[in-house]
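Working notes, beginning with the structure itself.
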Amino acid sequence: MKHITAVNRKAARIEEFARHERETRSASADGEADVVALESRQPGGPHIPLGCSLVFAPGWEVDSSGGTAGLCAPVERDLFDCHNGCFWPVQVPDHLNHSPDWTSKCAIAQQDWRKLDLIFP
Amino acid sequence: MTMLGLREFHPFEAAGERFLYMVPSAGVFHIDEASYDVLRALEGGAKSPEELTAALAEVYAAEDIAHALTELHDIRAIGDVRMPPERPLPVLPPEDFPLTTMVLNVTNKCNLACTYCYEYGEDKIVDTEFGSKPKFMSEETARESVDFMLKESGSNAVANLTFFGGETLLNFKVLKKTLAYAQEQAAVLGKQVRFSLTTNATLLRPEIIEWLVANEVGVTISIDGPKESQDEFRVFKNGMGSYEVMLPKIKELLKHHAAHYIGARVTLTRQNMDVVSIFRHLTEELGFGSVGFAPVTTADGRDYAIEGEGFEAMLAQFQELAEEFKTAALENRHHGFSNLNETLEEIHKGMSKAFPCGAGLGLVGVATDGDVALCHRFAGSDDHKIGSVQEGIDKTLQSRFLDTHHIAHKTDCHSCWARPLCAGGCYHEANTRYGTTAAPNLHYCDWIRTWTDTCLRVYGEIAAENPDYLKRYDREAQVSA
């Protein structure tokens, strides 16, 4: 670091962590590292909790035939699953403030999921 | 567009340089002018990197600002304003967390009758006079306690055993046997036990001093200062002051036992607040190598309670000693002000506490009958019992205690920058003041913040002028009870 110097031991560890984080970032930018997805953990990289495994929803998977028809929860549940079940901040519209009606046409997700539209701010 | 805003830290200056104490990480960073100016520019409200670069364009090149922003972002001094503030999560330590220190109340009897005493005075929580607990710990209970301690110390190679009272030396017979037993058992297990005790010194005699020296027992002496201070509250049951009785014995102890094993602990009261002259008396006239001060624990309105302006006066004197400490440290000289010494160690290591102390976790207090409580101050209290040496620690009670006392649940502390070091303060103090151990000690928040700021400035100054001095704090934690 050029502008900031670690003084105590904790600061040195933070600096080390930040350096490592930056290296990991630049390595991914060069295409050398894999995309860190929910199911993978980079060696020495950040620990990303496997949120969906906690609620036993196979939303991210395919069934034994490679399709989605046999899953015990419909694949369409992905739209809500992380957001509702795991409180994972997925990209759903803010239907508390700006888009309160976003889901109003979608009474049952597995039937009406096509009615969920994009939001144009 | 990313809008950057300030995140949580406490800025301070020392030796003409600027520093940040990061919250909650407890990292201490030195920052240069460019970083400082970025932080200043953000004080008025969030700005985008472009706005910041433009605002500081006259002084710094865009590249410099970009670097400073990255670094400030890395240490979490600034961040995207949409990011919620970091709040402590109630993550509990693992269930097999090892015990580092056991405080053994070998007796709850005392030959003195200090009016402010938390064990016998107006604010006591256990009926020490007519209660059901035995007055003295038996040899058997003491042995069971040692077994308990060694077992609970888990994978730790070292365990600390502190003898406490009442007046500890009233039960010297059991002390002696217990120490020998602990050494023997530790040897069998390939462990080491460090011993210490707290005493009012009135019962020291050559045989005891010899034993303390031979076994390298750390000794904390409760003493309030020169004669007039000591005799105000630290009196025998007939009202006679204890100064004259203890003085020759302390001198004898200091003559024979190495200085680093001996510390003085002073209780400050409204009547006894002259911190600097007490310090002088104890170090220069009596020869103590280290002196720690603590304001008396009391409910509001007691005659000896320190209140309002008293805290300010105490602070001013702490600061005077801190200044002296700093001068000594810059010249690599020892200074015995242990309050500051201990805080500097915590700052150096970057401790960020989920709990104010190790009570109920790495430290427990054992009552005369073998009941295990949060710490020595609660020993014998059924409300604060978490097990017994015979049956071990009740893990359910322990984790319930740890959960309710975690900093995550002390919402008053969440906006305070001093929380990594304070974490709400002493459970016993809170229990006496507010009737519950779970309350943060809000009556001394301002005091703690100003004092922590003073400690940070001293730390910054030593780090800038004599960084080698700080290496002494790299050693493993020295546990004191």
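Ordering of the structure tokens sets the chain letters (A, B, ...); residue numbers start at 1 within each chain; ligands are numbered from 1 in the order shown.
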Leaving out Gly5 (chain B) and any residue of its chain fewer than 2 positions from it, which residues lie within 7 Å of it when counting only C-alpha atoms, given as number ranges by chain?
B: 3, 7, 42, 45-47, 78-81
Could you find all residues in region 174-388 of chain B that DSSP calls strand (DSSP E or B) from the backbone, and write them as a VMD selection string?
chain B and resid 192 to 199 218 to 222 235 to 236 241 262 to 269 272 291 to 295 337 359 363 to 366 371 to 373 385 to 388
Selection above as a file: N, CA and C atoms, as a tab-separated table (two decimals), in the first residue's frame:
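Saved the output as selection_33.tsv:
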```
chain	number	residue	atom	x	y	z
B	192	GLN	N	1.60	-27.31	32.09
B	192	GLN	CA	2.22	-26.42	33.06
B	192	GLN	C	1.12	-25.59	33.70
B	193	VAL	N	1.24	-25.36	35.00
B	193	VAL	CA	0.26	-24.49	35.66
B	193	VAL	C	1.00	-23.27	36.19
B	194	ARG	N	0.45	-22.08	35.88
B	194	ARG	CA	1.00	-20.85	36.46
B	194	ARG	C	0.09	-20.43	37.60
B	195	PHE	N	0.72	-20.02	38.70
B	195	PHE	CA	-0.06	-19.69	39.89
B	195	PHE	C	0.00	-18.21	40.21
B	196	SER	N	-1.10	-17.73	40.77
B	196	SER	CA	-1.10	-16.37	41.29
B	196	SER	C	-2.12	-16.29	42.42
B	197	LEU	N	-2.01	-15.26	43.19
B	197	LEU	CA	-3.01	-15.05	44.24
B	197	LEU	C	-3.20	-13.57	44.51
B	198	THR	N	-4.33	-13.28	45.10
B	198	THR	CA	-4.64	-11.91	45.49
B	198	THR	C	-4.75	-11.88	47.00
B	199	THR	N	-4.14	-10.88	47.62
B	199	THR	CA	-4.14	-10.82	49.09
B	199	THR	C	-4.11	-9.38	49.56
B	218	GLY	N	2.56	-15.49	41.26
B	218	GLY	CA	2.28	-14.07	41.05
B	218	GLY	C	1.43	-13.56	42.19
B	219	VAL	N	1.72	-12.35	42.66
B	219	VAL	CA	0.98	-11.82	43.81
B	219	VAL	C	0.36	-10.47	43.46
B	220	THR	N	-0.94	-10.37	43.60
B	220	THR	CA	-1.60	-9.08	43.46
B	220	THR	C	-1.98	-8.62	44.85
B	221	ILE	N	-1.50	-7.43	45.19
B	221	ILE	CA	-1.80	-6.91	46.52
B	221	ILE	C	-2.85	-5.82	46.41
B	222	SER	N	-3.94	-6.01	47.14
B	222	SER	CA	-4.97	-4.98	47.18
B	222	SER	C	-4.50	-3.92	48.16
B	235	VAL	N	-9.98	-1.42	56.48
B	235	VAL	CA	-9.84	-1.45	57.94
B	235	VAL	C	-10.12	-2.84	58.50
B	236	PHE	N	-9.59	-3.07	59.71
B	236	PHE	CA	-9.94	-4.29	60.43
B	236	PHE	C	-11.35	-4.16	60.98
B	241	GLY	N	-7.10	0.97	60.92
B	241	GLY	CA	-6.55	0.94	59.57
B	241	GLY	C	-5.54	-0.19	59.41
B	262	ILE	N	4.88	-9.25	41.12
B	262	ILE	CA	4.06	-8.54	42.11
B	262	ILE	C	3.39	-7.32	41.51
B	263	GLY	N	2.11	-7.19	41.75
B	263	GLY	CA	1.40	-6.00	41.28
B	263	GLY	C	0.53	-5.46	42.39
B	264	ALA	N	0.30	-4.15	42.33
B	264	ALA	CA	-0.62	-3.54	43.30
B	264	ALA	C	-1.92	-3.22	42.58
B	265	ARG	N	-3.03	-3.43	43.29
B	265	ARG	CA	-4.32	-3.12	42.69
B	265	ARG	C	-5.07	-2.17	43.61
B	266	VAL	N	-5.39	-1.02	43.07
B	266	VAL	CA	-5.96	0.06	43.86
B	266	VAL	C	-7.44	0.23	43.54
B	267	THR	N	-8.25	0.32	44.58
B	267	THR	CA	-9.66	0.63	44.39
B	267	THR	C	-9.86	2.13	44.58
B	268	LEU	N	-10.37	2.77	43.55
B	268	LEU	CA	-10.59	4.22	43.64
B	268	LEU	C	-12.01	4.49	44.13
B	269	THR	N	-12.11	5.44	45.03
B	269	THR	CA	-13.43	5.82	45.55
B	269	THR	C	-13.53	7.34	45.49
B	272	ASN	N	-10.96	8.64	47.58
B	272	ASN	CA	-9.58	8.26	47.27
B	272	ASN	C	-9.36	8.29	45.76
B	291	VAL	N	1.23	-1.08	38.92
B	291	VAL	CA	0.08	-0.65	39.71
B	291	VAL	C	-1.12	-0.49	38.79
B	292	GLY	N	-2.23	-1.13	39.16
B	292	GLY	CA	-3.46	-0.99	38.38
B	292	GLY	C	-4.54	-0.35	39.21
B	293	PHE	N	-5.37	0.43	38.55
B	293	PHE	CA	-6.44	1.14	39.27
B	293	PHE	C	-7.80	0.70	38.75
B	294	ALA	N	-8.76	0.60	39.67
B	294	ALA	CA	-10.13	0.34	39.23
B	294	ALA	C	-11.08	1.11	40.12
B	295	PRO	N	-12.03	1.82	39.51
B	295	PRO	CA	-13.01	2.50	40.35
B	295	PRO	C	-13.87	1.47	41.08
B	337	PHE	N	2.39	1.71	35.10
B	337	PHE	CA	0.95	1.99	35.03
B	337	PHE	C	0.28	0.86	34.23
B	359	ALA	N	-14.90	-14.10	31.29
B	359	ALA	CA	-15.76	-14.73	32.30
B	359	ALA	C	-16.76	-15.70	31.68
B	363	LEU	N	-12.37	-18.11	31.50
B	363	LEU	CA	-12.12	-17.89	32.92
B	363	LEU	C	-13.38	-18.22	33.72
B	364	VAL	N	-13.19	-18.92	34.83
B	364	VAL	CA	-14.34	-19.15	35.72
B	364	VAL	C	-13.90	-18.92	37.16
B	365	GLY	N	-14.89	-18.69	38.01
B	365	GLY	CA	-14.62	-18.55	39.44
B	365	GLY	C	-15.23	-19.75	40.15
B	366	VAL	N	-14.49	-20.30	41.12
B	366	VAL	CA	-14.99	-21.48	41.84
B	366	VAL	C	-15.24	-21.10	43.30
B	371	ASP	N	-18.85	-24.92	43.45
B	371	ASP	CA	-19.73	-24.40	42.40
B	371	ASP	C	-18.94	-23.49	41.47
B	372	VAL	N	-19.19	-23.63	40.16
B	372	VAL	CA	-18.47	-22.84	39.18
B	372	VAL	C	-19.36	-21.68	38.73
B	373	ALA	N	-18.84	-20.46	38.85
B	373	ALA	CA	-19.60	-19.28	38.43
B	373	ALA	C	-18.82	-18.54	37.36
B	385	LYS	N	-24.35	-19.28	38.46
B	385	LYS	CA	-23.64	-20.56	38.47
B	385	LYS	C	-23.73	-21.20	37.08
B	386	ILE	N	-22.62	-21.74	36.60
B	386	ILE	CA	-22.69	-22.43	35.30
B	386	ILE	C	-22.20	-23.88	35.41
B	387	GLY	N	-22.10	-24.37	36.63
B	387	GLY	CA	-21.69	-25.77	36.80
B	387	GLY	C	-21.03	-25.97	38.13
B	388	SER	N	-20.34	-27.09	38.27
B	388	SER	CA	-19.58	-27.34	39.49
B	388	SER	C	-18.33	-28.12	39.10
```
Long-range neighbours of Ser153 (chain B) as a compact mmCIF listing (two decimals) with all heavy atoms, in the first residue's frame, 8 Å cut-off, only C-alpha atoms, 5 positions minimum in chain:
```
# COMPACT_ATOMS: atom_id res chain seq x y z
N PRO B 98 -11.21 -23.88 25.34
CA PRO B 98 -10.45 -24.29 26.53
C PRO B 98 -10.48 -23.24 27.65
O PRO B 98 -10.55 -22.05 27.39
CB PRO B 98 -9.03 -24.47 26.00
CG PRO B 98 -8.96 -23.61 24.80
CD PRO B 98 -10.33 -23.55 24.21
N LEU B 99 -10.40 -23.74 28.86
CA LEU B 99 -10.31 -22.87 30.03
C LEU B 99 -8.87 -22.42 30.20
O LEU B 99 -7.96 -23.24 30.19
CB LEU B 99 -10.76 -23.66 31.27
CG LEU B 99 -10.86 -22.90 32.59
CD1 LEU B 99 -12.01 -21.91 32.54
CD2 LEU B 99 -11.07 -23.86 33.75
N THR B 100 -8.65 -21.12 30.32
CA THR B 100 -7.28 -20.65 30.52
C THR B 100 -7.01 -20.33 31.99
O THR B 100 -5.90 -20.53 32.46
CB THR B 100 -6.98 -19.36 29.72
OG1 THR B 100 -8.19 -18.70 29.47
CG2 THR B 100 -6.28 -19.65 28.44
N VAL B 158 -0.79 -24.73 28.91
CA VAL B 158 -0.64 -23.98 30.16
C VAL B 158 -2.01 -23.64 30.73
O VAL B 158 -2.92 -23.26 30.01
CB VAL B 158 0.14 -22.66 29.92
CG1 VAL B 158 0.30 -21.89 31.22
CG2 VAL B 158 1.51 -22.95 29.30
N ALA B 159 -2.16 -23.81 32.04
CA ALA B 159 -3.37 -23.36 32.72
C ALA B 159 -2.97 -22.39 33.82
O ALA B 159 -1.88 -22.51 34.38
CB ALA B 159 -4.11 -24.56 33.31
```
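The environment of Asp412 (chain B) within 9 Å, counting only C-alpha atoms and disregarding residues fewer than 6 places along the same chain, consists of Gly424, Pro440 and Leu442 of chain B.
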Can you tell me which residues surround Lys151 (chain B) at a distance of at most 12 Å, considering only C-alpha atoms, apart from same-chain residues fewer than 6 positions away, and format the answer as number ranges by chain?
B: 96-100, 102, 144-145, 157-159, 182, 185-186, 189, 191, 389-393
